[in-house]
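**Q** Below you'll find the structure I mean.
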Amino acid sequence: MSSLLTSPVVDLDTGAVIAQPAVVDAAGTLRAAPLPMVLELPVEVVLAGAGALAPLHEALRRAGRHPREAILLLTGSCQERFRPLLKVGLDGLRTIGYLLGFAGVGTGGAPLDLAADAGPYLLALDPGLVARIPGDHRATAVARAVVTLARGIGAHVLAPGVEREPQLAVARGLGVRLAHGPLLAPGPDGRVRVPLPVTEEPAGVMLGPRVQELLIPAVTLPGEATAEEAVAAFGQEPTITSVILVDEFQRPLGSLDRSRFLLSFAARYGHALHGAKPARRLADPPRTVPRTTPAIAAMQAAGRDPARVYDDLVVTDELNRCLGIVRVSDLIRQVTAVRAGV
């Protein structure tokens, strides 16, 4: 399987890089940009129990990162008799805060029923499957089945190893939201350019999809982070629109909008006034929506404060933990599609 550890994950709707590959250097140190990271994890490691996972947790701790900032992409298969043990391991990782995904779905990876039972954040198509579309109608049918499953369980679909525009066009037409590969590699200026779609996306249902289907990982910092640390986070990637300040349980404490926050530093004496002080002084209250909120209801929530109408919404779970963000531009796109179909 082509490794995700070689290229960034791109949101096809916005062109934003939402996650970066994480690598372990010769000294055993985990390195990744401030964006959420993707790590491949063999299923056998999860089956081996908590002790086998301890090095992963320790590597994240030494890197100063929280599990909520990591997407674990599970590779390999699991025999039927080990499925209960795997479920226990995955539930434990999810409780800690990791986002979970399965690699190679549709061919030699996790069976569709196992993927459905696990309730993952992400389903990554097999790269060989992606390579065969659009020329092979059977491969396209399998990819469509994975997308249908993902839509039913509230997961994203990732198309890995995209090399040609026809592949991207078919994947996008099927409803694939995330992709990576040579076609989407950053250019000399560091920016990713996503080819425009050639067909319109289908309209949504009456209230639109739930926000968990539009979720992208949030860039988070501890609540006590300094303003300088927040500036550094924004500086890593121009497509970062917000930084969410969270407590030790990943509950949102404040939201830093890119434009307003950086404007504070552009002002005269801005760095001297704010640099070493807590970023929370410049934060707005987080605008949170439960993960089951329909797109139209989320749009209504976004419009309640005219001064912050385009601020990212923070998506939360049942324990008010930050699951990620939803961009208002995505909501507008979905609501427009819903109204066009009415």
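By order of appearance in the structure tokens: chains A, B, ..., then residues from 1 within every chain, and ligands from 1 in the order shown.
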Can you list every residue in region 129-205 of chain A that DSSP puts in alpha helix (DSSP H), as a compact mmCIF listing (two decimals) with N, CA and C atoms, in the first residue's frame?

**A**
```txt
# COMPACT_ATOMS: atom_id res chain seq x y z
N LEU A 129 -7.13 0.53 -6.04
CA LEU A 129 -8.50 0.78 -6.50
C LEU A 129 -8.58 2.15 -7.16
N VAL A 130 -7.98 3.16 -6.52
CA VAL A 130 -7.99 4.51 -7.06
C VAL A 130 -7.27 4.56 -8.41
N ALA A 131 -6.19 3.79 -8.52
CA ALA A 131 -5.42 3.78 -9.76
C ALA A 131 -6.23 3.23 -10.93
N ARG A 132 -7.21 2.39 -10.64
CA ARG A 132 -8.00 1.75 -11.71
C ARG A 132 -9.18 2.58 -12.19
N HIS A 137 -14.91 0.10 -14.57
CA HIS A 137 -16.21 0.37 -13.95
C HIS A 137 -16.39 -0.44 -12.68
N ARG A 138 -15.72 -1.60 -12.59
CA ARG A 138 -15.84 -2.41 -11.37
C ARG A 138 -15.16 -1.72 -10.19
N ALA A 139 -14.01 -1.12 -10.43
CA ALA A 139 -13.32 -0.38 -9.37
C ALA A 139 -14.15 0.81 -8.93
N THR A 140 -14.77 1.48 -9.89
CA THR A 140 -15.63 2.62 -9.55
C THR A 140 -16.82 2.18 -8.70
N ALA A 141 -17.38 1.01 -9.02
CA ALA A 141 -18.51 0.50 -8.25
C ALA A 141 -18.11 0.19 -6.81
N VAL A 142 -16.91 -0.37 -6.63
CA VAL A 142 -16.44 -0.66 -5.28
C VAL A 142 -16.24 0.64 -4.50
N ALA A 143 -15.62 1.63 -5.15
CA ALA A 143 -15.41 2.91 -4.49
C ALA A 143 -16.74 3.55 -4.11
N ARG A 144 -17.75 3.42 -4.99
CA ARG A 144 -19.07 3.97 -4.68
C ARG A 144 -19.67 3.29 -3.46
N ALA A 145 -19.46 1.99 -3.33
CA ALA A 145 -19.98 1.25 -2.17
C ALA A 145 -19.33 1.74 -0.88
N VAL A 146 -18.02 2.03 -0.92
CA VAL A 146 -17.32 2.52 0.27
C VAL A 146 -17.85 3.91 0.64
N VAL A 147 -18.06 4.76 -0.36
CA VAL A 147 -18.58 6.10 -0.09
C VAL A 147 -19.98 6.02 0.52
N THR A 148 -20.81 5.13 0.01
CA THR A 148 -22.16 4.96 0.55
C THR A 148 -22.11 4.51 2.01
N LEU A 149 -21.22 3.56 2.29
CA LEU A 149 -21.04 3.11 3.68
C LEU A 149 -20.59 4.26 4.56
N ALA A 150 -19.60 5.00 4.10
CA ALA A 150 -19.07 6.11 4.90
C ALA A 150 -20.15 7.15 5.19
N ARG A 151 -20.97 7.43 4.21
CA ARG A 151 -22.04 8.41 4.41
C ARG A 151 -23.02 7.90 5.47
N GLY A 152 -23.25 6.60 5.48
CA GLY A 152 -24.18 6.03 6.44
C GLY A 152 -23.66 6.01 7.87
N ILE A 153 -22.34 5.95 8.05
CA ILE A 153 -21.78 5.89 9.40
C ILE A 153 -21.12 7.21 9.81
N GLU A 165 -6.09 13.82 -13.27
CA GLU A 165 -7.34 14.55 -13.08
C GLU A 165 -8.58 13.69 -13.28
N PRO A 166 -8.62 12.76 -14.24
CA PRO A 166 -9.82 11.91 -14.35
C PRO A 166 -10.09 11.09 -13.09
N GLN A 167 -9.03 10.63 -12.43
CA GLN A 167 -9.22 9.93 -11.16
C GLN A 167 -9.89 10.84 -10.14
N LEU A 168 -9.37 12.06 -10.06
CA LEU A 168 -9.91 13.02 -9.09
C LEU A 168 -11.35 13.35 -9.42
N ALA A 169 -11.66 13.51 -10.69
CA ALA A 169 -13.03 13.86 -11.10
C ALA A 169 -14.02 12.77 -10.71
N VAL A 170 -13.64 11.51 -10.92
CA VAL A 170 -14.54 10.41 -10.57
C VAL A 170 -14.69 10.32 -9.06
N ALA A 171 -13.58 10.42 -8.34
CA ALA A 171 -13.64 10.34 -6.87
C ALA A 171 -14.52 11.45 -6.31
N ARG A 172 -14.35 12.64 -6.83
CA ARG A 172 -15.16 13.78 -6.36
C ARG A 172 -16.63 13.57 -6.71
N GLY A 173 -16.90 13.05 -7.89
CA GLY A 173 -18.27 12.79 -8.29
C GLY A 173 -18.96 11.74 -7.43
N LEU A 174 -18.18 10.82 -6.89
CA LEU A 174 -18.72 9.79 -6.00
C LEU A 174 -19.01 10.33 -4.61
```

**Q** Need to verify the contact set: Ala233 (chain A), 10 Å, only C-alpha atoms, exclusion of same-chain residues closer than 6 positions in sequence. Can you return it as a VMD selection string?

**A** chain A and resid 33 to 35 219 to 221 227 240 242 to 243

**Q** Find the residues near Ala118 (chain A): any atom within 10 Å, counting only C-alpha atoms, skip ones fewer than 2 places away on the same chain, and give them as a compact mmCIF listing (two decimals) with all heavy atoms, in the first residue's frame.

**A**
```txt
# COMPACT_ATOMS: atom_id res chain seq x y z
N ARG A 83 -11.73 -10.03 16.27
CA ARG A 83 -12.49 -8.79 16.16
C ARG A 83 -12.92 -8.21 17.51
O ARG A 83 -12.83 -7.00 17.72
CB ARG A 83 -13.71 -8.98 15.26
CG ARG A 83 -13.37 -9.06 13.79
CD ARG A 83 -14.63 -8.91 12.96
NE ARG A 83 -14.35 -9.05 11.54
CZ ARG A 83 -15.24 -8.84 10.58
NH1 ARG A 83 -16.47 -8.47 10.92
NH2 ARG A 83 -14.93 -8.98 9.31
N LEU A 86 -9.97 -6.45 18.88
CA LEU A 86 -9.69 -5.22 18.14
C LEU A 86 -10.65 -4.12 18.55
O LEU A 86 -10.24 -2.97 18.72
CB LEU A 86 -9.79 -5.48 16.64
CG LEU A 86 -9.55 -4.27 15.73
CD1 LEU A 86 -8.13 -3.74 15.89
CD2 LEU A 86 -9.82 -4.63 14.26
N LYS A 87 -11.91 -4.46 18.72
CA LYS A 87 -12.91 -3.44 19.11
C LYS A 87 -12.55 -2.83 20.46
O LYS A 87 -12.65 -1.61 20.65
CB LYS A 87 -14.30 -4.05 19.16
CG LYS A 87 -15.39 -3.02 19.43
CD LYS A 87 -16.77 -3.64 19.42
CE LYS A 87 -17.86 -2.57 19.54
NZ LYS A 87 -17.67 -1.71 20.73
N VAL A 88 -12.10 -3.66 21.40
CA VAL A 88 -11.69 -3.15 22.70
C VAL A 88 -10.53 -2.17 22.55
O VAL A 88 -10.51 -1.09 23.15
CB VAL A 88 -11.32 -4.30 23.65
CG1 VAL A 88 -10.67 -3.77 24.93
CG2 VAL A 88 -12.55 -5.13 23.99
N LEU A 90 -9.64 -0.42 19.86
CA LEU A 90 -10.06 0.80 19.17
C LEU A 90 -10.88 1.70 20.08
O LEU A 90 -10.73 2.93 20.05
CB LEU A 90 -10.86 0.45 17.92
CG LEU A 90 -10.11 -0.31 16.82
CD1 LEU A 90 -11.02 -0.56 15.63
CD2 LEU A 90 -8.86 0.42 16.39
N ASP A 91 -11.75 1.09 20.90
CA ASP A 91 -12.53 1.89 21.84
C ASP A 91 -11.61 2.62 22.82
O ASP A 91 -11.85 3.78 23.19
CB ASP A 91 -13.51 1.00 22.61
CG ASP A 91 -14.68 0.55 21.75
OD1 ASP A 91 -14.88 1.15 20.67
OD2 ASP A 91 -15.37 -0.40 22.15
N LEU A 100 -9.69 7.74 14.34
CA LEU A 100 -9.34 6.43 13.79
C LEU A 100 -9.78 6.31 12.34
O LEU A 100 -10.82 6.84 11.95
CB LEU A 100 -9.99 5.33 14.62
CG LEU A 100 -9.67 5.31 16.12
CD1 LEU A 100 -10.46 4.22 16.80
CD2 LEU A 100 -8.17 5.11 16.34
N GLY A 101 -8.98 5.60 11.56
CA GLY A 101 -9.32 5.34 10.17
C GLY A 101 -8.83 3.97 9.76
O GLY A 101 -8.00 3.35 10.43
N PHE A 102 -9.35 3.48 8.64
CA PHE A 102 -8.92 2.22 8.08
C PHE A 102 -8.32 2.46 6.69
O PHE A 102 -8.88 3.21 5.89
CB PHE A 102 -10.08 1.24 7.96
CG PHE A 102 -10.52 0.64 9.28
CD1 PHE A 102 -11.62 1.15 9.94
CD2 PHE A 102 -9.82 -0.41 9.85
CE1 PHE A 102 -12.03 0.62 11.15
CE2 PHE A 102 -10.22 -0.95 11.06
CZ PHE A 102 -11.32 -0.44 11.71
N LEU A 112 -15.95 -4.34 5.01
CA LEU A 112 -16.88 -3.25 5.20
C LEU A 112 -17.68 -3.38 6.49
O LEU A 112 -17.99 -2.38 7.13
CB LEU A 112 -17.83 -3.15 4.00
CG LEU A 112 -17.18 -2.84 2.64
CD1 LEU A 112 -18.26 -2.61 1.59
CD2 LEU A 112 -16.26 -1.63 2.72
N ASP A 113 -18.03 -4.62 6.88
CA ASP A 113 -18.81 -4.75 8.11
C ASP A 113 -17.97 -4.41 9.33
O ASP A 113 -18.47 -3.81 10.29
CB ASP A 113 -19.39 -6.16 8.23
CG ASP A 113 -18.33 -7.24 8.28
OD1 ASP A 113 -17.23 -7.03 7.72
OD2 ASP A 113 -18.58 -8.30 8.89
N LEU A 114 -16.67 -4.73 9.30
CA LEU A 114 -15.79 -4.36 10.40
C LEU A 114 -15.65 -2.85 10.47
O LEU A 114 -15.70 -2.25 11.56
CB LEU A 114 -14.42 -5.01 10.23
CG LEU A 114 -13.33 -4.57 11.22
CD1 LEU A 114 -13.75 -4.88 12.65
CD2 LEU A 114 -12.00 -5.26 10.89
N ALA A 115 -15.48 -2.21 9.30
CA ALA A 115 -15.36 -0.76 9.28
C ALA A 115 -16.62 -0.10 9.82
O ALA A 115 -16.56 0.89 10.56
CB ALA A 115 -15.08 -0.28 7.85
N ALA A 116 -17.78 -0.65 9.48
CA ALA A 116 -19.04 -0.07 9.97
C ALA A 116 -19.16 -0.22 11.47
O ALA A 116 -19.56 0.72 12.17
CB ALA A 116 -20.21 -0.76 9.27
N PRO A 120 -15.38 4.52 12.38
CA PRO A 120 -14.17 5.32 12.21
C PRO A 120 -14.46 6.75 11.75
O PRO A 120 -15.55 7.05 11.27
CB PRO A 120 -13.39 4.56 11.13
CG PRO A 120 -14.47 3.96 10.29
CD PRO A 120 -15.58 3.59 11.25
N TYR A 121 -13.44 7.59 11.87
CA TYR A 121 -13.50 8.95 11.35
C TYR A 121 -13.24 8.95 9.85
O TYR A 121 -13.77 9.79 9.12
CB TYR A 121 -12.44 9.80 12.06
CG TYR A 121 -12.19 11.15 11.43
CD1 TYR A 121 -13.06 12.21 11.63
CD2 TYR A 121 -11.07 11.36 10.62
CE1 TYR A 121 -12.83 13.44 11.04
CE2 TYR A 121 -10.83 12.59 10.03
CZ TYR A 121 -11.72 13.63 10.24
OH TYR A 121 -11.48 14.84 9.66
N ILE A 153 -22.34 5.95 8.05
CA ILE A 153 -21.78 5.89 9.40
C ILE A 153 -21.12 7.21 9.81
O ILE A 153 -20.51 7.29 10.88
CB ILE A 153 -20.76 4.73 9.53
CG1 ILE A 153 -19.55 4.95 8.61
CG2 ILE A 153 -21.42 3.39 9.24
CD1 ILE A 153 -18.46 3.89 8.77
```

**Q** What is the distance, in Å and to one decimal place, between CA of Thr293 (chain A) and CA of Leu253 (chain A)?

**A**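 Answer for the CA of Thr293 (chain A) to CA of Leu253 (chain A) separation: 20.3 Å.
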
**Q** DSSP on the backbone, strand (DSSP E) only: what residues of region 63-173 of chain A does that give? Format it as an MDAnalysis selection string.

**A** chainID A and resid 70:75 99:105 122:125 156:159

**Q** I'd like the neighbourhood of Ala279 (chain A) as a list in words, where a residue qualifies if any of its atoms comes within 10 Å (using only C-alpha atoms), though same-chain residues fewer than 3 positions away should be ignored.

**A** Leu221, Pro222, Gly223, Glu224, Ala225, Thr226, Ala227, Glu228, Glu229, Ala230, Val231, Leu245, Gly254, Ser255, Leu256, Phe261, His274, Gly275, Ala276, Leu282 and Ala283 of chain A

**Q** List the spatial neighbours of Leu313 (chain A) as a list of chain:residue names - criterion: any atom at most 9 Å away, only C-alpha atoms, same-chain residues fewer than 3 positions off excluded.

**A**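 Here the answer would be A:Pro286, A:Arg287, A:Thr288, A:Val289, A:Ala298, A:Ala301, A:Ala302, A:Tyr310, A:Gly324, A:Ile325, A:Val326, A:Arg327, A:Val328.
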